[in-house]
There are 2 protein chains.
Amino acid sequence: MSKRIPELDRDFIEKGQNTYLRHLSVDCVIFGFHENELKVLLIRWKDGPWCLPGGFVKKEESIDTSASRILEERTGLDDIFLQQFHIFGDPHREKNKKDFNSKLKGSWIMDRFVTVGYYALVEYSKVNPEPDWLSDECEWWDIHSIPSLVYDHNAILDKALEVLRFSLNDHPIGYNLLPEKFTMPELQRLYETILDKEIDRRNFQKKILSLDILVRLEERKTGGAHKAPYLYRFDKRKYDRALKEGLTGGF
Amino acid sequence: MSKRIPELDRDFIEKGQNTYLRHLSVDCVIFGFHENELKVLLIRWKDGPWCLPGGFVKKEESIDTSASRILEERTGLDDIFLQQFHIFGDPHREKNKKDFNSKLKGSWIMDRFVTVGYYALVEYSKVNPEPDWLSDECEWWDIHSIPSLVYDHNAILDKALEVLRFSLNDHPIGYNLLPEKFTMPELQRLYETILDKEIDRRNFQKKILSLDILVRLEERKTGGAHKAPYLYRFDKRKYDRALKEGLTGGF
DNA sequence: TTCCATTGTGTAAACTATACACAACTAATT
DNA sequence: AATTAGTTGTGTATAGTTTACACAATGGAA
């Protein structure tokens with residue numbers, strides 16, 4: 001699947017500290033939405049466990065830029081919605097780190113790392129999951145069936161989800177996760193998945209429309225087995241204005 | 001005022017990297033409430049500018065513990081309400097760092113630092129502001145007349161205030177900032193100061209009481225030039241329960 | 001053609017937030 | 001001792017928001 005690049009490997013392990021800040025990493029929780037389910041992009045280390053895609057901060061690089069770079073490497077996307085949400089600084093967070101790779105012994109990588117959590121919202125269909133030279137697999141996982149992850153990555157993911165829930169009314173979450181055109185039921189299911197609760201269909205529509213950030217198109221979504229729903233898109237200008245003033249209410 | 005400790009000084013500058021993580025610092029925005037004004041505790045470096053009290057992370061120490069330690073050193077208080085609120089990772093955030101102290105040239109301190117922002121809520125009267133061996137002064141400043149601070153510390157403070165405002169309904173902010181017994185007008189003025197807006201006296205009381213987290217005492221606060229207001233205290237058990245479930249509404 | 005699941009729409013009731021007024025109290029002033 | 005100024009304690013009416021709920025219309029499947 002992915003090519004091993006032993007040169008790069010050795011360089012990274014032995015001389016990474018010349019390029020990157022020590023003790024500091026970035027981990028990304030990349031959310032997507034597909035088939036009415038919230039998904040998270042995970043990678044699997046070579047011969048190792050599943051984990052959040054992450055990386056390190058270059059010596060002259062902003063941590064926001066690091067996160068963007070890491071994301072672009074894994075998804076092929078730039079200009080992504082990215083949000084720092086928490087920093088994880090327990091000295092014992094990387095439990096069993098020593099066990100993972102004997103050839104890393106003595107490397108800067110085996111030091112203690114404090115990691116900055118970012119979450120990203122991406123349009124599922126635009127992503128081309130790409131393993132890198134450190135990983136074997138890169139796949140979307142359903143939020144309801146996340147495997148056991150390395151270190152404290154499950155806790156990082158949980159925290160991201162918690163923040164995402166909390167941010168639902170103040171950040172352009174729908175805007176970033178859905179394709180340009182979408183139906184009201186799709187938007188509703190996104191909200192329901194993130195909040196993990198059911199919302200009344202009619203009240204949802206009323207409230208979302210009252211925010212005055214959507215435009216209903218003439219088109220309807222055909223092909224479904226039932227009455228064809230209207231398509232909507234976000235009115236970016238109104239959306240941005242509403243976000244500045246703070247979206248009101250919540251479900 | 002503060003004693004210089006040249007030994008410690010030299011040790012810290014030359015060998016600090018053996019004790020602390022490199023490139024990572026912690027800065028604390030310590031809020032207090034006094035005379036109906038929100039205050040922030042600032043220190044002034046020796047022969048230097050005012051800044052937020054901060055410090056470094058020991059190699060085997062949790063960043064939360066670092067923040068607690070830094071806070072205790074500056075205020076004499078332990079068991080303080082502390083909340084990580086943002087990490088500042090711009091490589092150019094420490095502008096003019098080189099100019100500050102020529103004797104630091106070549107020291108690990110002159111490297112780039114990423115800093116974790118914490119805010120603390122303390123009871124003003126319990127704090128004994130103490131300069132340390134790096135600083136000359138340690139004083140409360142009114143939130144409305146903060147001086148120009150070093151580096152990006154004004155931005156860090158602004159961000160803390162923004163988060164504090166946002167958190168007013170989900171965190172035990174009143175509980176931590178006020179003395180044990182307080183009057184309804186005092187609590188209201190705390191809210192008004194943090195939110196920077198006026199609130200109707202009667203509606204405020206109605207709403208706060210409806211949260212069912214306060215106990216009205218038999219006592220009244222005497223000595224004022226007017227009608228003696230009742231004293232209240234927080235019912236810790238009910239408060240904690242309400243926080244878990246999330247306080248509703250907001251002003 | 002009928003059936004089924006789903007969409008589009010509206011209204012009444014419960015709840016929450018806001019605006020607003022008057023009597024009681026305390027110390028300072030006369 | 002009475003008056004005054006400023007503040008506290010309390011309640012109600014109105015506007016606005018959220019919630020609960022029902023029925024007709026549509027499009028493909030049977």
# chains A, B, ... in the order shown; residues from 1 in each chain; ligands from 1
>>> select_by_dssp(residues="segment 21-207 of chain B", states="strand (DSSP E)", output="ChimeraX atom specification")
/B:21-34,37-45,50-51,54-58,81-88,114-121,135-142,182-183
>>> write_last_selection(atoms="C-alpha atoms", output="short mmCIF file (atom, residue, chain, number, x, y, z; two decimals), in the first residue's frame")
data_model
loop_
_atom_site.label_atom_id
_atom_site.label_comp_id
_atom_site.auth_asym_id
_atom_site.auth_seq_id
_atom_site.Cartn_x
_atom_site.Cartn_y
_atom_site.Cartn_z
CA LEU B 21 10.49 21.43 28.59
CA ARG B 22 11.90 23.64 25.89
CA HIS B 23 9.76 25.88 23.73
CA LEU B 24 6.74 25.58 26.00
CA SER B 25 5.51 28.06 28.59
CA VAL B 26 2.37 28.73 30.57
CA ASP B 27 0.82 32.16 31.09
CA CYS B 28 -1.93 32.84 33.60
CA VAL B 29 -4.66 35.42 33.49
CA ILE B 30 -5.65 35.72 37.14
CA PHE B 31 -9.01 37.36 37.62
CA GLY B 32 -10.25 38.87 40.84
CA PHE B 33 -13.23 41.04 41.73
CA HIS B 34 -12.93 44.05 44.03
CA GLU B 37 -14.45 45.98 39.26
CA LEU B 38 -12.92 42.99 37.55
CA LYS B 39 -9.17 42.91 38.20
CA VAL B 40 -6.23 41.08 36.66
CA LEU B 41 -3.00 40.30 38.46
CA LEU B 42 0.05 41.49 36.53
CA ILE B 43 3.75 41.46 37.25
CA ARG B 44 6.53 43.69 36.05
CA TRP B 45 9.83 42.20 35.04
CA TRP B 50 4.35 44.54 32.62
CA CYS B 51 3.24 41.05 31.72
CA GLY B 54 3.90 32.83 33.69
CA GLY B 55 6.39 30.05 33.91
CA PHE B 56 7.61 26.83 32.45
CA VAL B 57 6.67 23.18 32.44
CA LYS B 58 8.90 20.77 34.29
CA PHE B 81 -10.11 27.38 39.80
CA LEU B 82 -7.94 27.13 36.72
CA GLN B 83 -8.96 26.64 33.14
CA GLN B 84 -6.84 26.19 30.07
CA PHE B 85 -8.34 28.41 27.40
CA HIS B 86 -6.05 28.67 24.38
CA ILE B 87 -2.60 27.92 23.10
CA PHE B 88 -0.64 30.66 21.37
CA VAL B 114 4.63 28.30 22.41
CA THR B 115 2.55 29.28 25.41
CA VAL B 116 -0.54 27.77 26.97
CA GLY B 117 -3.01 30.28 28.35
CA TYR B 118 -4.84 29.52 31.61
CA TYR B 119 -7.27 31.71 33.38
CA ALA B 120 -7.78 31.58 37.11
CA LEU B 121 -10.60 32.87 39.24
CA SER B 135 9.91 40.47 38.80
CA ASP B 136 9.83 43.75 40.67
CA GLU B 137 6.15 44.28 41.09
CA CYS B 138 2.99 42.24 41.30
CA GLU B 139 -0.26 44.16 41.31
CA TRP B 140 -3.95 44.05 40.54
CA TRP B 141 -4.99 46.07 37.51
CA ASP B 142 -8.46 47.12 36.61
CA PHE B 182 -22.25 38.29 49.11
CA THR B 183 -25.24 40.38 48.15
#
>>> interface_residues(of="chain C", to="chain B", cutoff="7 Å", atoms="only C-alpha atoms (C1' of nucleotides)", output="PyMOL selection string")
chain C and resi 25-27
>>> residues_around(residues="Lys197 of chain A", least_positions_apart="5", cutoff="12 Å", atoms="only C-alpha atoms (C1' of nucleotides)", output="PyMOL selection string")
chain A and resi 165+188-192+251
>>> closest_residue(among="D:DT26, D:DT17, D:DT8, D:DT3", to="DA17 of chain C", atoms="only C-alpha atoms (C1' of nucleotides)")
D:DT17
>>> select_by_dssp(residues="segment 52-214 of chain B", states="helix (DSSP H, G or I)", output="PyMOL selection string")
chain B and resi 63-75+97-99+102-104+108-110+124-126+143-145+153-167+173-177+184-195+201-210
>>> write_last_selection(atoms="C-alpha atoms", output="PDB file, in the first residue's frame")
ATOM      1  CA  ILE B  63       0.805  21.370  32.200  1.00  0.00           C
ATOM      2  CA  ASP B  64      -2.174  21.748  34.538  1.00  0.00           C
ATOM      3  CA  THR B  65       0.154  21.236  37.459  1.00  0.00           C
ATOM      4  CA  SER B  66       2.562  23.804  36.041  1.00  0.00           C
ATOM      5  CA  ALA B  67      -0.224  26.334  35.914  1.00  0.00           C
ATOM      6  CA  SER B  68      -1.233  25.551  39.502  1.00  0.00           C
ATOM      7  CA  ARG B  69       2.334  25.862  40.649  1.00  0.00           C
ATOM      8  CA  ILE B  70       2.828  29.191  38.896  1.00  0.00           C
ATOM      9  CA  LEU B  71      -0.372  30.474  40.399  1.00  0.00           C
ATOM     10  CA  GLU B  72       0.463  29.393  43.893  1.00  0.00           C
ATOM     11  CA  GLU B  73       3.875  31.031  43.668  1.00  0.00           C
ATOM     12  CA  ARG B  74       2.288  34.320  42.703  1.00  0.00           C
ATOM     13  CA  THR B  75      -0.809  34.378  44.907  1.00  0.00           C
ATOM     14  CA  LYS B  97      12.353  39.336  22.593  1.00  0.00           C
ATOM     15  CA  LYS B  98      16.005  39.858  21.782  1.00  0.00           C
ATOM     16  CA  ASP B  99      15.957  43.383  23.146  1.00  0.00           C
ATOM     17  CA  SER B 102      21.497  40.946  26.703  1.00  0.00           C
ATOM     18  CA  LYS B 103      22.747  38.513  29.315  1.00  0.00           C
ATOM     19  CA  LEU B 104      20.222  35.969  28.136  1.00  0.00           C
ATOM     20  CA  TRP B 108      17.258  28.363  26.097  1.00  0.00           C
ATOM     21  CA  ILE B 109      14.954  31.174  27.221  1.00  0.00           C
ATOM     22  CA  MET B 110      15.660  33.072  24.033  1.00  0.00           C
ATOM     23  CA  TYR B 124      -9.469  38.986  45.675  1.00  0.00           C
ATOM     24  CA  SER B 125      -9.168  39.348  49.422  1.00  0.00           C
ATOM     25  CA  LYS B 126      -7.364  36.055  49.851  1.00  0.00           C
ATOM     26  CA  ILE B 143      -9.694  45.341  33.522  1.00  0.00           C
ATOM     27  CA  HIS B 144     -10.575  48.693  31.993  1.00  0.00           C
ATOM     28  CA  SER B 145      -7.109  50.179  32.324  1.00  0.00           C
ATOM     29  CA  HIS B 153       0.120  39.275  26.393  1.00  0.00           C
ATOM     30  CA  ASN B 154      -2.573  41.865  25.702  1.00  0.00           C
ATOM     31  CA  ALA B 155      -4.019  39.511  23.101  1.00  0.00           C
ATOM     32  CA  ILE B 156      -3.816  36.608  25.549  1.00  0.00           C
ATOM     33  CA  LEU B 157      -5.671  38.648  28.137  1.00  0.00           C
ATOM     34  CA  ASP B 158      -8.332  39.654  25.615  1.00  0.00           C
ATOM     35  CA  LYS B 159      -8.835  36.043  24.640  1.00  0.00           C
ATOM     36  CA  ALA B 160      -9.161  35.036  28.289  1.00  0.00           C
ATOM     37  CA  LEU B 161     -11.817  37.673  28.793  1.00  0.00           C
ATOM     38  CA  GLU B 162     -13.666  36.501  25.705  1.00  0.00           C
ATOM     39  CA  VAL B 163     -13.663  32.918  26.953  1.00  0.00           C
ATOM     40  CA  LEU B 164     -14.669  34.049  30.429  1.00  0.00           C
ATOM     41  CA  ARG B 165     -17.665  35.861  28.988  1.00  0.00           C
ATOM     42  CA  PHE B 166     -18.615  32.849  26.992  1.00  0.00           C
ATOM     43  CA  SER B 167     -18.219  30.545  29.981  1.00  0.00           C
ATOM     44  CA  ILE B 173     -17.426  31.784  37.920  1.00  0.00           C
ATOM     45  CA  GLY B 174     -19.379  33.548  40.601  1.00  0.00           C
ATOM     46  CA  TYR B 175     -18.500  30.846  43.060  1.00  0.00           C
ATOM     47  CA  ASN B 176     -14.784  31.379  42.646  1.00  0.00           C
ATOM     48  CA  LEU B 177     -14.616  35.128  42.385  1.00  0.00           C
ATOM     49  CA  MET B 184     -27.367  40.141  45.057  1.00  0.00           C
ATOM     50  CA  PRO B 185     -26.180  43.549  43.775  1.00  0.00           C
ATOM     51  CA  GLU B 186     -22.576  42.380  44.152  1.00  0.00           C
ATOM     52  CA  LEU B 187     -23.250  39.272  42.134  1.00  0.00           C
ATOM     53  CA  GLN B 188     -25.065  41.321  39.545  1.00  0.00           C
ATOM     54  CA  ARG B 189     -22.198  43.769  39.228  1.00  0.00           C
ATOM     55  CA  LEU B 190     -19.827  40.846  38.687  1.00  0.00           C
ATOM     56  CA  TYR B 191     -21.972  39.684  35.799  1.00  0.00           C
ATOM     57  CA  GLU B 192     -22.295  43.186  34.436  1.00  0.00           C
ATOM     58  CA  THR B 193     -18.562  43.737  34.569  1.00  0.00           C
ATOM     59  CA  ILE B 194     -17.711  40.487  32.851  1.00  0.00           C
ATOM     60  CA  LEU B 195     -20.387  40.880  30.208  1.00  0.00           C
ATOM     61  CA  ARG B 201     -31.989  44.265  38.552  1.00  0.00           C
ATOM     62  CA  ARG B 202     -35.312  42.462  38.959  1.00  0.00           C
ATOM     63  CA  ASN B 203     -34.868  40.114  36.029  1.00  0.00           C
ATOM     64  CA  PHE B 204     -31.355  39.289  37.157  1.00  0.00           C
ATOM     65  CA  GLN B 205     -32.521  38.297  40.604  1.00  0.00           C
ATOM     66  CA  LYS B 206     -35.396  36.281  39.227  1.00  0.00           C
ATOM     67  CA  LYS B 207     -33.183  34.339  36.878  1.00  0.00           C
ATOM     68  CA  ILE B 208     -30.316  33.717  39.264  1.00  0.00           C
ATOM     69  CA  LEU B 209     -32.684  32.517  41.952  1.00  0.00           C
ATOM     70  CA  SER B 210     -34.494  30.287  39.467  1.00  0.00           C
TER      71      SER B 210
END
>>> interface_residues(of="chain D", to="chain B", cutoff="9 Å", atoms="only C-alpha atoms (C1' of nucleotides)", output="list in words")
DG6, DT7, DT8, DG9 and DT10 of chain D
>>> write_last_selection(atoms="N, CA and C atoms (P, O5', C5', C4', C3', O3' and C1' of nucleotides)", output="short mmCIF file (atom, residue, chain, number, x, y, z; two decimals), in the first residue's frame")
data_model
loop_
_atom_site.label_atom_id
_atom_site.label_comp_id
_atom_site.auth_asym_id
_atom_site.auth_seq_id
_atom_site.Cartn_x
_atom_site.Cartn_y
_atom_site.Cartn_z
P DG D 6 -29.52 60.99 44.99
"O5'" DG D 6 -29.26 59.47 45.32
"C5'" DG D 6 -28.28 59.11 46.30
"C4'" DG D 6 -28.53 57.68 46.70
"C3'" DG D 6 -28.71 56.74 45.50
"O3'" DG D 6 -27.78 55.69 45.61
"C1'" DG D 6 -30.42 56.42 47.09
P DT D 7 -27.57 54.61 44.44
"O5'" DT D 7 -28.17 53.28 45.06
"C5'" DT D 7 -27.70 52.84 46.34
"C4'" DT D 7 -28.72 51.93 46.94
"C3'" DT D 7 -29.10 50.75 46.05
"O3'" DT D 7 -28.64 49.55 46.63
"C1'" DT D 7 -30.97 51.71 47.15
P DT D 8 -28.90 48.15 45.92
"O5'" DT D 8 -30.10 47.60 46.82
"C5'" DT D 8 -29.88 47.29 48.18
"C4'" DT D 8 -31.18 46.78 48.78
"C3'" DT D 8 -31.69 45.49 48.13
"O3'" DT D 8 -32.02 44.56 49.15
"C1'" DT D 8 -33.37 47.17 48.03
P DG D 9 -32.42 43.05 48.70
"O5'" DG D 9 -34.01 43.14 48.69
"C5'" DG D 9 -34.74 43.15 49.92
"C4'" DG D 9 -36.21 42.97 49.62
"C3'" DG D 9 -36.51 41.76 48.74
"O3'" DG D 9 -37.58 41.02 49.32
"C1'" DG D 9 -37.39 43.75 47.76
P DT D 10 -38.01 39.65 48.64
"O5'" DT D 10 -39.21 40.14 47.73
"C5'" DT D 10 -40.31 40.82 48.32
"C4'" DT D 10 -41.29 41.28 47.27
"C3'" DT D 10 -41.66 40.22 46.21
"O3'" DT D 10 -43.07 40.22 46.10
"C1'" DT D 10 -41.09 42.24 45.19
#
>>> atom_distance(atom1="atom CA of Pro172 of chain B", atom2="atom CA of Arg220 of chain B")
23.8 Å
>>> atom_distance(atom1="atom CA of Lys59 of chain B", atom2="atom CA of Thr19 of chain B")
6.0 Å
>>> closest_residue(among="B:Asp240, B:Glu219, B:Asp170, B:Glu180", to="chain A", atoms="only C-alpha atoms")
B:Asp170
>>> atom_distance(atom1="atom CA of Asp132 of chain A", atom2="atom CA of Glu14 of chain A")
18.6 Å
>>> residues_around(residues="DT14 of chain D", least_positions_apart="2", cutoff="12 Å", atoms="only C-alpha atoms (C1' of nucleotides)", output="PDB file with C-alpha atoms (C1' of nucleotides), in the first residue's frame")
ATOM      1  C1'  DA C  17     -37.327  36.776  28.568  1.00  0.00           C
ATOM      2  C1'  DT C  18     -38.184  41.555  28.901  1.00  0.00           C
ATOM      3  C1'  DA C  19     -40.083  45.870  30.426  1.00  0.00           C
ATOM      4  C1'  DC C  20     -41.655  48.274  33.933  1.00  0.00           C
TER       5       DC C  20
ATOM      6  C1'  DT D  12     -47.252  41.556  36.842  1.00  0.00           C
ATOM      7  C1'  DG D  16     -40.939  36.424  22.135  1.00  0.00           C
TER       8       DG D  16
END
